[in-house]
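What follows is the content of my_file_36.cif, which has mmCIF, C-alpha atoms and all ligand atoms:
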data_query
loop_
_atom_site.label_atom_id
_atom_site.label_comp_id
_atom_site.auth_asym_id
_atom_site.auth_seq_id
_atom_site.Cartn_x
_atom_site.Cartn_y
_atom_site.Cartn_z
CA MET A 203 128.16 -42.20 -48.94
CA ASN A 204 124.92 -43.35 -50.57
CA ASP A 205 123.06 -40.36 -52.09
CA ALA A 206 119.69 -41.91 -51.17
CA VAL A 207 120.68 -41.88 -47.49
CA PRO A 208 123.00 -38.94 -46.93
CA HIS A 209 124.07 -39.90 -43.42
CA HIS A 210 125.08 -42.94 -41.37
CA VAL A 211 122.09 -43.28 -39.07
CA PHE A 212 120.19 -46.57 -39.35
CA ARG A 213 116.55 -45.82 -40.14
CA TYR A 214 115.07 -47.39 -37.00
CA GLY A 215 111.51 -46.22 -37.59
CA GLY A 216 110.86 -45.20 -41.19
CA ASP A 217 111.92 -41.77 -42.45
CA PHE A 218 113.53 -39.08 -40.35
CA ALA A 219 112.24 -35.49 -40.31
CA ASP A 220 114.06 -33.17 -42.75
CA ALA A 221 115.18 -30.66 -40.13
CA ILE A 222 118.51 -31.29 -38.41
CA ILE A 223 118.26 -30.00 -34.86
CA GLU A 224 121.12 -28.16 -33.18
CA ARG A 225 119.75 -27.06 -29.83
CA ALA A 226 116.56 -26.77 -27.80
CA SER A 227 115.26 -24.61 -25.01
CA GLY A 228 111.86 -24.51 -23.31
CA ALA A 229 109.15 -25.46 -25.83
CA LEU A 230 111.37 -24.58 -28.81
CA ILE A 231 113.80 -26.61 -30.86
CA HIS A 232 116.19 -24.85 -33.23
CA ASP A 233 117.39 -26.35 -36.49
CA ARG A 234 120.71 -26.00 -38.28
CA ASP A 235 119.33 -23.20 -40.44
CA GLY A 236 118.42 -21.14 -37.37
CA ARG A 237 114.69 -21.86 -37.55
CA ALA A 238 112.78 -22.04 -34.27
CA ILE A 239 110.17 -24.82 -34.17
CA LEU A 240 107.53 -25.25 -31.47
CA ASP A 241 107.93 -28.71 -29.95
CA PHE A 242 104.37 -29.89 -29.39
CA THR A 243 105.43 -33.50 -28.80
CA SER A 244 107.75 -32.73 -25.85
CA GLY A 245 110.50 -34.57 -27.71
CA GLN A 246 109.39 -38.19 -27.70
CA MET A 247 106.43 -37.33 -25.39
CA SER A 248 108.83 -36.89 -22.49
CA ALA A 249 110.18 -33.36 -21.95
CA ILE A 250 107.47 -32.18 -19.52
CA LEU A 251 109.72 -29.40 -18.19
CA GLY A 252 110.68 -28.21 -21.67
CA HIS A 253 114.23 -28.47 -22.95
CA ALA A 254 117.31 -27.35 -21.04
CA HIS A 255 115.39 -26.50 -17.87
CA PRO A 256 118.03 -24.61 -15.82
CA GLU A 257 117.47 -26.70 -12.68
CA ILE A 258 117.80 -29.96 -14.62
CA VAL A 259 120.95 -28.68 -16.31
CA ALA A 260 122.42 -27.80 -12.89
CA THR A 261 121.40 -31.21 -11.48
CA VAL A 262 123.06 -33.11 -14.33
CA ARG A 263 126.22 -31.00 -14.03
CA ALA A 264 126.48 -31.65 -10.30
CA ALA A 265 125.61 -35.34 -10.58
CA ILE A 266 128.07 -36.17 -13.34
CA ALA A 267 130.85 -34.48 -11.43
CA ASN A 268 130.03 -36.29 -8.19
CA LEU A 269 128.50 -39.73 -8.78
CA ASP A 270 127.55 -41.01 -12.23
CA HIS A 271 127.36 -44.80 -12.42
CA LEU A 272 127.94 -47.75 -10.10
CA HIS A 273 127.94 -51.52 -10.00
CA SER A 274 124.26 -52.51 -9.88
CA SER A 275 124.67 -54.10 -6.42
CA PHE A 276 125.42 -50.69 -4.83
CA LEU A 277 122.78 -48.37 -3.47
CA SER A 278 123.61 -44.67 -3.38
CA THR A 279 122.24 -41.53 -1.75
CA PRO A 280 120.65 -40.24 -5.01
CA VAL A 281 118.84 -43.57 -5.45
CA LEU A 282 117.60 -43.69 -1.85
CA ASP A 283 116.41 -40.08 -2.19
CA PHE A 284 114.72 -40.62 -5.57
CA THR A 285 112.88 -43.79 -4.56
CA ALA A 286 111.70 -42.12 -1.33
CA ALA A 287 110.55 -39.02 -3.24
CA LEU A 288 108.60 -41.14 -5.72
CA ALA A 289 107.04 -43.28 -2.97
CA ALA A 290 106.05 -40.07 -1.15
CA ILE A 291 103.82 -38.88 -4.02
CA LEU A 292 102.25 -42.33 -4.57
CA PRO A 293 99.71 -44.24 -2.45
CA ASP A 294 101.08 -46.57 0.25
CA ALA A 295 100.29 -49.56 -1.98
CA LEU A 296 102.96 -48.32 -4.40
CA SER A 297 106.05 -47.94 -2.27
CA MET A 298 108.77 -50.19 -3.69
CA VAL A 299 110.62 -48.76 -6.67
CA LEU A 300 112.86 -50.50 -9.20
CA PRO A 301 114.80 -47.69 -10.99
CA LEU A 302 115.53 -48.43 -14.67
CA SER A 303 116.19 -46.57 -17.92
CA THR A 304 113.46 -47.04 -20.56
CA GLY A 305 109.75 -47.68 -20.86
CA GLY A 306 110.15 -51.05 -22.54
CA GLU A 307 112.44 -52.14 -19.73
CA SER A 308 110.04 -50.96 -17.04
CA ASN A 309 107.29 -53.07 -18.62
CA GLU A 310 109.54 -56.12 -18.95
CA ALA A 311 110.26 -55.77 -15.24
CA ALA A 312 106.54 -55.37 -14.45
CA LEU A 313 105.49 -58.40 -16.49
CA ARG A 314 108.21 -60.45 -14.87
CA MET A 315 107.06 -59.28 -11.41
CA ALA A 316 103.47 -60.28 -12.21
CA LYS A 317 104.58 -63.72 -13.43
CA THR A 318 106.82 -64.29 -10.43
CA ALA A 319 104.24 -63.05 -7.92
CA THR A 320 101.30 -65.04 -9.34
CA GLY A 321 103.14 -68.11 -10.63
CA ARG A 322 101.19 -67.70 -13.87
CA PHE A 323 102.28 -66.45 -17.26
CA GLU A 324 99.31 -65.29 -19.33
CA ILE A 325 98.93 -61.57 -20.02
CA VAL A 326 96.12 -59.31 -21.24
CA ALA A 327 96.79 -56.08 -23.17
CA PHE A 328 94.69 -53.66 -25.22
CA ASP A 329 94.45 -54.38 -28.94
CA ARG A 330 95.89 -50.91 -29.66
CA SER A 331 98.56 -50.93 -26.96
CA TRP A 332 102.17 -49.76 -27.12
CA HIS A 333 104.43 -50.95 -24.33
CA GLY A 334 107.83 -51.03 -26.02
CA VAL A 335 109.92 -52.95 -28.54
CA THR A 336 111.73 -55.39 -26.25
CA GLY A 337 110.55 -59.04 -26.19
CA GLY A 338 107.87 -59.18 -23.50
CA ALA A 339 106.74 -55.58 -23.96
CA SER A 340 106.44 -55.95 -27.74
CA SER A 341 104.47 -59.17 -27.29
CA ALA A 342 101.97 -57.11 -25.30
CA THR A 343 102.01 -54.36 -27.96
CA PHE A 344 99.31 -54.64 -30.60
CA ASN A 345 99.74 -51.20 -32.14
CA GLY A 346 103.29 -51.64 -33.40
CA ALA A 347 105.07 -53.81 -35.93
CA ARG A 348 104.11 -57.32 -34.81
CA ARG A 349 105.02 -59.00 -38.06
CA GLY A 350 108.44 -60.01 -39.29
CA ASN A 351 110.17 -60.51 -35.95
CA GLY A 352 109.51 -64.21 -35.35
CA PRO A 353 107.30 -65.60 -32.59
CA THR A 354 105.91 -63.41 -29.83
CA VAL A 355 105.80 -64.56 -26.21
CA PRO A 356 103.06 -67.20 -25.85
CA GLY A 357 99.96 -66.44 -23.78
CA VAL A 358 99.33 -62.77 -24.55
CA PHE A 359 95.70 -61.89 -25.31
CA ALA A 360 94.19 -58.74 -26.78
CA LEU A 361 91.31 -56.91 -25.12
CA PRO A 362 89.45 -54.33 -27.24
CA ALA A 363 90.65 -50.84 -26.41
CA PRO A 364 87.69 -48.71 -25.28
CA HIS A 365 87.50 -46.38 -28.27
CA ALA A 366 84.24 -44.40 -28.01
CA TYR A 367 84.75 -42.80 -31.44
CA ARG A 368 85.33 -46.05 -33.36
CA SER A 369 84.15 -49.01 -31.27
CA PRO A 370 81.67 -51.44 -32.88
CA PHE A 371 79.90 -51.27 -29.49
CA ALA A 372 79.17 -47.56 -30.04
CA ALA A 373 76.04 -46.74 -32.00
CA GLY A 374 73.62 -43.82 -32.11
CA GLY A 375 75.74 -41.81 -29.69
CA VAL A 376 75.61 -44.54 -27.03
CA TYR A 377 78.76 -46.52 -26.21
CA ASP A 378 78.13 -49.83 -24.44
CA TRP A 379 81.69 -50.20 -23.16
CA ARG A 380 80.65 -52.55 -20.36
CA SER A 381 79.43 -55.18 -22.84
CA GLU A 382 82.59 -54.71 -24.87
CA LEU A 383 84.77 -55.23 -21.79
CA ASP A 384 82.78 -58.25 -20.53
CA TRP A 385 82.81 -59.81 -24.02
CA GLY A 386 86.56 -59.17 -24.31
CA PHE A 387 87.24 -61.04 -21.06
CA GLU A 388 84.83 -63.82 -22.04
CA MET A 389 86.91 -64.41 -25.19
CA ILE A 390 90.13 -64.34 -23.18
CA ASP A 391 88.79 -66.81 -20.59
CA ARG A 392 88.09 -69.23 -23.42
CA GLN A 393 91.57 -68.92 -24.89
CA CYS A 394 93.54 -68.96 -21.66
CA VAL A 395 95.33 -72.30 -21.01
CA ALA A 396 96.82 -71.89 -17.54
CA GLY A 397 96.02 -68.71 -15.64
CA LEU A 398 96.13 -64.98 -16.18
CA ALA A 399 99.01 -63.23 -14.45
CA ALA A 400 98.18 -59.61 -15.29
CA ALA A 401 96.56 -57.03 -17.50
CA ILE A 402 98.87 -54.26 -18.69
CA VAL A 403 97.17 -51.07 -19.85
CA GLU A 404 97.84 -47.41 -20.54
CA PRO A 405 95.23 -45.39 -18.58
CA ILE A 406 95.01 -43.20 -21.70
CA LEU A 407 96.28 -44.96 -24.83
CA SER A 408 98.63 -42.55 -26.50
CA SER A 409 100.35 -44.16 -29.51
CA ALA A 410 96.96 -45.54 -30.51
CA GLY A 411 95.75 -41.98 -31.10
CA ILE A 412 94.81 -40.71 -27.62
CA ILE A 413 92.05 -43.05 -26.52
CA GLU A 414 90.60 -42.15 -23.14
CA PRO A 415 88.61 -44.94 -21.45
CA PRO A 416 85.10 -43.79 -20.46
CA PRO A 417 84.44 -42.97 -16.78
CA GLY A 418 84.11 -46.19 -14.77
CA TYR A 419 85.96 -48.33 -17.32
CA LEU A 420 89.25 -48.71 -15.40
CA ALA A 421 87.37 -49.60 -12.20
CA ALA A 422 85.42 -52.27 -14.09
CA LEU A 423 88.66 -53.57 -15.61
CA ALA A 424 90.24 -53.70 -12.15
CA GLU A 425 87.25 -55.73 -10.93
CA HIS A 426 87.68 -58.22 -13.80
CA CYS A 427 91.33 -58.60 -12.76
CA ARG A 428 90.48 -59.01 -9.09
CA ARG A 429 87.90 -61.73 -9.83
CA ARG A 430 90.51 -63.71 -11.77
CA GLY A 431 93.34 -63.22 -9.26
CA MET A 432 95.35 -61.27 -11.85
CA LEU A 433 97.45 -58.21 -11.17
CA LEU A 434 96.72 -54.87 -12.80
CA ILE A 435 99.66 -53.01 -14.35
CA PHE A 436 99.27 -49.38 -15.42
CA ASP A 437 101.84 -48.16 -17.91
CA GLU A 438 102.05 -44.41 -17.29
CA ALA A 439 105.04 -43.78 -19.56
CA GLN A 440 103.25 -40.83 -21.11
CA THR A 441 100.45 -40.06 -18.66
CA GLY A 442 102.56 -39.92 -15.47
CA LEU A 443 104.00 -36.85 -13.72
CA GLY A 444 101.20 -34.35 -14.26
CA ARG A 445 100.66 -34.65 -18.02
CA THR A 446 96.93 -35.41 -17.84
CA GLY A 447 96.01 -32.89 -15.14
CA THR A 448 96.60 -35.16 -12.14
CA ARG A 449 100.02 -36.31 -10.96
CA PHE A 450 99.22 -39.80 -12.24
CA ALA A 451 96.39 -40.67 -14.60
CA PHE A 452 95.15 -43.43 -12.26
CA GLU A 453 94.15 -40.76 -9.71
CA HIS A 454 91.45 -39.53 -12.07
CA GLU A 455 89.47 -42.76 -11.68
CA GLY A 456 90.71 -43.61 -8.20
CA VAL A 457 91.97 -47.01 -9.35
CA VAL A 458 95.35 -47.89 -7.84
CA PRO A 459 97.20 -50.54 -9.88
CA ASP A 460 99.21 -53.41 -8.36
CA ILE A 461 102.19 -52.37 -10.46
CA LEU A 462 102.87 -48.95 -11.99
CA THR A 463 105.42 -48.30 -14.69
CA LEU A 464 106.84 -44.84 -15.34
CA SER A 465 109.37 -43.73 -17.94
CA LYS A 466 109.53 -40.89 -20.53
CA THR A 467 108.14 -38.09 -18.30
CA LEU A 468 109.90 -39.37 -15.14
CA GLY A 469 113.26 -38.17 -16.45
CA ALA A 470 111.59 -35.27 -18.30
CA GLY A 471 113.47 -36.40 -21.42
CA LEU A 472 116.48 -38.10 -19.86
CA PRO A 473 116.55 -41.90 -19.72
CA LEU A 474 114.93 -42.79 -16.41
CA ALA A 475 112.17 -45.32 -15.76
CA ALA A 476 110.71 -47.05 -12.73
CA THR A 477 108.58 -50.05 -11.95
CA VAL A 478 106.71 -49.54 -8.69
CA THR A 479 104.73 -52.01 -6.61
CA SER A 480 103.65 -52.90 -3.08
CA ARG A 481 105.86 -54.21 -0.30
CA ALA A 482 103.94 -57.51 -0.39
CA ILE A 483 104.58 -58.08 -4.10
CA GLU A 484 108.20 -57.00 -3.73
CA GLN A 485 108.66 -59.50 -0.88
CA ARG A 486 107.02 -62.28 -2.86
CA CYS A 487 109.27 -61.59 -5.86
CA TYR A 488 112.34 -61.48 -3.62
CA ASP A 489 111.35 -64.80 -2.04
CA HIS A 490 111.05 -66.32 -5.52
CA ASP A 491 114.48 -65.15 -6.73
CA TYR A 492 113.19 -62.32 -8.92
CA LEU A 493 115.94 -61.16 -11.27
CA PHE A 494 116.00 -58.00 -13.33
CA TYR A 495 119.64 -57.07 -13.20
CA THR A 496 120.56 -54.45 -15.79
CA THR A 497 123.67 -52.31 -16.32
CA HIS A 498 121.86 -49.09 -15.46
CA ALA A 499 119.48 -50.33 -12.74
CA ALA A 500 119.68 -47.89 -9.82
CA ASP A 501 122.18 -45.59 -11.52
CA PRO A 502 122.77 -42.45 -9.42
CA LEU A 503 122.87 -39.82 -12.18
CA PRO A 504 119.39 -40.41 -13.64
CA ALA A 505 118.08 -40.89 -10.08
CA ALA A 506 119.29 -37.38 -9.20
CA VAL A 507 117.39 -36.09 -12.23
CA GLY A 508 114.27 -38.00 -11.14
CA SER A 509 114.37 -36.39 -7.69
CA LYS A 510 114.60 -32.95 -9.29
CA VAL A 511 111.72 -33.68 -11.68
CA ILE A 512 109.53 -34.75 -8.74
CA GLU A 513 110.57 -31.67 -6.75
CA LEU A 514 109.60 -29.40 -9.65
CA LEU A 515 106.35 -31.29 -10.28
CA VAL A 516 105.30 -30.67 -6.68
CA ARG A 517 106.75 -27.16 -6.28
CA ASP A 518 105.38 -25.79 -9.56
CA ARG A 519 102.08 -27.71 -9.36
CA LEU A 520 102.61 -28.94 -12.90
CA GLU A 521 99.48 -31.09 -12.88
CA GLN A 522 97.41 -27.96 -12.22
CA ARG A 523 99.19 -26.19 -15.07
CA ALA A 524 98.45 -29.16 -17.36
CA ARG A 525 94.80 -29.03 -16.32
CA GLU A 526 94.44 -25.30 -16.94
CA LEU A 527 96.49 -25.06 -20.12
CA GLY A 528 94.97 -28.31 -21.36
CA GLY A 529 91.48 -26.88 -20.94
CA TYR A 530 92.54 -23.78 -22.84
CA LEU A 531 94.17 -25.78 -25.67
CA ARG A 532 91.23 -28.15 -25.88
CA GLY A 533 88.88 -25.18 -26.26
CA LEU A 534 90.95 -23.93 -29.21
CA LEU A 535 90.99 -27.40 -30.81
CA CYS A 536 87.21 -27.70 -30.42
CA ASP A 537 86.96 -24.33 -32.12
CA LEU A 538 88.99 -25.78 -35.05
CA GLN A 539 86.54 -28.68 -35.12
CA GLN A 540 83.68 -26.20 -35.47
CA ARG A 541 85.36 -24.60 -38.45
CA HIS A 542 87.02 -27.52 -40.28
CA GLU A 543 84.86 -30.42 -41.46
CA ALA A 544 87.96 -32.64 -41.57
CA VAL A 545 88.35 -32.52 -37.79
CA GLY A 546 86.24 -35.51 -36.75
CA ASP A 547 87.10 -35.73 -33.07
CA VAL A 548 88.96 -33.92 -30.30
CA ARG A 549 89.76 -35.96 -27.19
CA GLY A 550 92.17 -36.51 -24.32
CA ARG A 551 92.85 -34.94 -20.95
CA GLY A 552 95.15 -32.23 -19.62
CA LEU A 553 98.01 -31.62 -22.03
CA LEU A 554 97.66 -35.00 -23.74
CA LEU A 555 95.19 -34.26 -26.50
CA GLY A 556 94.22 -35.92 -29.75
CA LEU A 557 92.73 -34.42 -32.89
CA GLU A 558 91.46 -36.89 -35.48
CA LEU A 559 91.14 -36.04 -39.18
CA VAL A 560 88.48 -37.82 -41.25
CA GLU A 561 87.45 -37.83 -44.90
CA ASP A 562 83.95 -36.91 -43.77
CA ARG A 563 82.18 -36.98 -40.45
CA ARG A 564 79.55 -39.54 -41.46
CA SER A 565 81.86 -42.29 -42.73
CA LYS A 566 84.68 -41.33 -40.31
CA ALA A 567 87.09 -42.74 -42.93
CA PRO A 568 90.58 -41.88 -41.63
CA ALA A 569 92.16 -39.03 -43.64
CA HIS A 570 95.72 -40.41 -43.73
CA ALA A 571 97.06 -38.43 -46.70
CA LEU A 572 95.61 -35.22 -45.29
CA GLY A 573 97.13 -35.96 -41.88
CA SER A 574 100.64 -36.32 -43.32
CA ALA A 575 100.23 -33.21 -45.47
CA VAL A 576 98.93 -31.07 -42.58
CA SER A 577 101.69 -32.29 -40.29
CA ALA A 578 104.36 -31.48 -42.94
CA ARG A 579 102.85 -28.02 -43.53
CA CYS A 580 102.81 -27.28 -39.77
CA MET A 581 106.49 -28.15 -39.66
CA GLU A 582 107.18 -25.70 -42.52
CA LEU A 583 105.25 -23.06 -40.61
CA GLY A 584 107.22 -23.69 -37.41
CA ALA A 585 105.33 -26.22 -35.28
CA SER A 586 106.21 -29.88 -34.77
CA LEU A 587 102.77 -31.47 -34.40
CA ASN A 588 103.09 -35.21 -34.50
CA ILE A 589 100.73 -37.29 -36.56
CA GLY A 590 100.47 -41.00 -35.67
CA ARG A 591 101.98 -43.76 -37.79
CA LYS A 592 100.34 -46.06 -40.32
CA SER A 593 96.76 -46.82 -39.20
CA HIS A 594 96.79 -43.73 -36.96
CA ALA A 595 98.34 -41.37 -39.52
CA ASN A 596 95.23 -39.23 -39.19
CA VAL A 597 95.46 -38.49 -35.46
CA PHE A 598 97.54 -35.64 -34.08
CA ARG A 599 98.95 -36.29 -30.62
CA ILE A 600 99.31 -32.88 -29.06
CA ALA A 601 101.49 -32.87 -25.97
CA PRO A 602 103.62 -29.75 -25.45
CA PRO A 603 105.85 -29.38 -22.37
CA LEU A 604 103.82 -28.56 -19.24
CA THR A 605 105.86 -25.34 -19.08
CA VAL A 606 104.50 -24.11 -22.46
CA THR A 607 103.02 -20.60 -22.50
CA ARG A 608 99.54 -19.59 -23.66
CA ALA A 609 101.15 -17.50 -26.40
CA GLN A 610 102.98 -20.60 -27.68
CA ILE A 611 99.72 -22.55 -27.62
CA ASP A 612 98.03 -19.77 -29.61
CA THR A 613 100.83 -19.83 -32.19
CA ALA A 614 100.77 -23.61 -32.62
CA VAL A 615 96.98 -23.69 -33.00
CA SER A 616 96.98 -20.84 -35.52
CA ILE A 617 99.62 -22.76 -37.53
CA LEU A 618 97.39 -25.85 -37.44
CA ASP A 619 94.41 -23.72 -38.41
CA GLN A 620 96.31 -22.26 -41.38
CA ALA A 621 97.53 -25.70 -42.53
CA LEU A 622 94.01 -27.14 -42.30
CA GLY A 623 92.62 -24.11 -44.15
CA GLU A 624 95.12 -24.55 -46.97
CA LEU A 625 94.85 -28.33 -47.30
CA ALA A 626 91.57 -29.64 -45.88
CA GLY A 627 89.22 -28.03 -48.36
CA ARG A 628 85.60 -27.95 -47.19
CA ARG A 629 84.87 -26.05 -44.00
CA ALA A 630 82.40 -27.19 -41.38
C1 LIG A 701 102.84 -46.14 -23.05
C2 LIG A 701 104.23 -46.51 -23.45
N1 LIG A 701 104.86 -47.48 -22.81
C3 LIG A 701 106.12 -47.85 -23.12
C4 LIG A 701 106.80 -47.23 -24.15
C5 LIG A 701 108.17 -47.67 -24.48
O1 LIG A 701 109.11 -46.81 -23.96
P1 LIG A 701 110.61 -46.82 -24.48
O2 LIG A 701 110.55 -46.40 -25.91
O3 LIG A 701 111.29 -45.85 -23.58
O4 LIG A 701 111.11 -48.21 -24.32
C6 LIG A 701 106.19 -46.20 -24.84
C7 LIG A 701 106.91 -45.52 -25.94
O5 LIG A 701 106.34 -44.81 -26.73
C8 LIG A 701 104.87 -45.82 -24.50
O6 LIG A 701 104.23 -44.85 -25.13
#
I need this file expressed as structure tokens, please.
Ligand SMILES: Cc1ncc(COP(=O)(O)O)c(C=O)c1O
Amino acid sequence: MNDAVPHHVFRYGGDFADAIIERASGALIHDRDGRAILDFTSGQMSAILGHAHPEIVATVRAAIANLDHLHSSFLSTPVLDFTAALAAILPDALSMVLPLSTGGESNEAALRMAKTATGRFEIVAFDRSWHGVTGGASSATFNGARRGNGPTVPGVFALPAPHAYRSPFAAGGVYDWRSELDWGFEMIDRQCVAGLAAAIVEPILSSAGIIEPPPGYLAALAEHCRRRGMLLIFDEAQTGLGRTGTRFAFEHEGVVPDILTLSKTLGAGLPLAATVTSRAIEQRCYDHDYLFYTTHAADPLPAAVGSKVIELLVRDRLEQRARELGGYLRGLLCDLQQRHEAVGDVRGRGLLLGLELVEDRRSKAPAHALGSAVSARCMELGASLNIGRKSHANVFRIAPPLTVTRAQIDTAVSILDQALGELAGRRA
């Protein structure tokens, strides 16, 4: 064994955390040394019900014993139930569900639907987007590693993400997002060679450091799409299923997309994703020989989990919990901003919050080294508070399970407060 890498796990995304985790329950993960660590990233932004939720455990036990996996041409009772349950909590325009496994896959399926349904191929995505690492999804991802993997899919254009805190269109406290959006589309219209099939966007950009579009933005974006005959795809991998204080983030602005993708939170940590669209688009795709045939499409076991997650979302009013606890947590983070000069911005909605560290509030220079140090110190003190990667290594993405308690929120924030106090120097 190589001393520099004392294990056999390929480093698929830079360095691993030092802790080796043995078990998890609720909002806590426990490492091999018996330490309990608050999980304020919900695993990989997915475990909305916390870990080892008893009803999910029971569902998996029953499902694996009864019906686990099938040939992809079979439908099963769990899949009929899950797709009906999902359609029941979505508007009528989103009633046809393609059940898949991962977020990247759900976006591949969505992009392919848009291309098949419109007969066009060009795609618009935010310049700070993250839609996955598979071919089409990574071509529409501008916030990840674009270099070093050969050519991307042709015909994908970047639209400026509406970042009130850092946009060049924001000056003197006024953010002219409408001009930014119109200018973005003007540039795209000039570059486009055939026709735009779709825009794919996260209603709140998460990997980019929690960027919430200003009120009215998504409606204006939808209007741009409508005028060009393009479809609008919302990627709610992270924002779906109550996280932002409504069941789906699109409800907040009242903009219903043509295609919705769900993953991460849909399986509450287990691999389940879905691409959802209207009956008309589904029919058009079917008529044009749409193909997205994967090994785990419409698998019964994850579908059973999905039904249970939806049942718990509705029964326990998780979106309301996210709204209330999110308001409470946001208040505490704003209090940190009052007391620590390094906290430049607090933003986000529900229990999907961002806290940005800066060198100083005038220059807004990103405090990357401080971000990594504060995140590492929080981990030592017992809270996993994720800092972004590379250009966003100064933004904490704070997203505990929706089942987190107020006491756990208090503990995590006091750990962050202590770490900032020790490492950030000057106080506000
Ligand atoms: C908004 C969004 N879409 C898609 C993905 C990709 O999901 P997966 O990693 O399950 O392929 C992610 C992952 O972080 C994401 O945040």
8 Å shell around ligand LIG 701 (chain A) using all atoms listed in the file, listed as a short mmCIF file (atom, residue, chain, number, x, y, z; two decimals) with C-alpha atoms, in the coordinates of the input:
data_model
loop_
_atom_site.label_atom_id
_atom_site.label_comp_id
_atom_site.auth_asym_id
_atom_site.auth_seq_id
_atom_site.Cartn_x
_atom_site.Cartn_y
_atom_site.Cartn_z
CA GLN A 246 109.39 -38.19 -27.70
CA MET A 247 106.43 -37.33 -25.39
CA SER A 303 116.19 -46.57 -17.92
CA THR A 304 113.46 -47.04 -20.56
CA GLY A 305 109.75 -47.68 -20.86
CA GLY A 306 110.15 -51.05 -22.54
CA GLU A 307 112.44 -52.14 -19.73
CA SER A 308 110.04 -50.96 -17.04
CA ASN A 309 107.29 -53.07 -18.62
CA SER A 331 98.56 -50.93 -26.96
CA TRP A 332 102.17 -49.76 -27.12
CA HIS A 333 104.43 -50.95 -24.33
CA GLY A 334 107.83 -51.03 -26.02
CA VAL A 335 109.92 -52.95 -28.54
CA THR A 336 111.73 -55.39 -26.25
CA ALA A 339 106.74 -55.58 -23.96
CA GLU A 404 97.84 -47.41 -20.54
CA LEU A 407 96.28 -44.96 -24.83
CA SER A 408 98.63 -42.55 -26.50
CA SER A 409 100.35 -44.16 -29.51
CA ASP A 437 101.84 -48.16 -17.91
CA GLU A 438 102.05 -44.41 -17.29
CA ALA A 439 105.04 -43.78 -19.56
CA GLN A 440 103.25 -40.83 -21.11
CA THR A 441 100.45 -40.06 -18.66
CA SER A 465 109.37 -43.73 -17.94
CA LYS A 466 109.53 -40.89 -20.53
CA PRO A 473 116.55 -41.90 -19.72
CA ALA A 475 112.17 -45.32 -15.76
#
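Between atom CA of Gly447 of chain A and atom CA of Ile483 of chain A the interatomic distance comes to 28.8 Å.
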Inset, instruction - Select, from A:Leu515, A:Ala422, A:Val358, A:Ala567, the residue with the minimum atom-to-atom distance to Gly397 of chain A, counting all atoms listed in the file. - result: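 Answer, going by the shortest atom-to-atom distance: A:Val358.
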Inset, instruction - Using all atoms listed in the file, pick whichever of A:Gly469, A:Pro602, A:Pro504, A:Gly346 has the shortest atom-to-atom distance to Arg263 of chain A. - result: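 Comparing A:Gly469, A:Pro602, A:Pro504, A:Gly346 against Arg263 of chain A, the winner is A:Pro504.
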Inset, instruction - Quick one: pull the distance between atom CA of Arg322 of chain A and atom CA of Ala400 of chain A, Å, one decimal. - result: 8.7 Å
Legend entry - Spatial neighbours of Gly546 of chain A, 8 Å, all atoms listed in the file, chain gap at least 3 places, as a list of chain:residue names: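 Residues near the query, excluding close chain neighbours: A:Gln539, A:Glu543, A:Leu557, A:Glu558, A:Leu559, A:Val560, A:Asp562, A:Arg563, A:Lys566.
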Inset, instruction - Kindly give the distance, in Å, that separates atom CA of His426 of chain A and atom CA of Gly386 of chain A, rounded to a single decimal. - result: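 Calculated distance between atom CA of His426 of chain A and atom CA of Gly386 of chain A is 10.6 Å.
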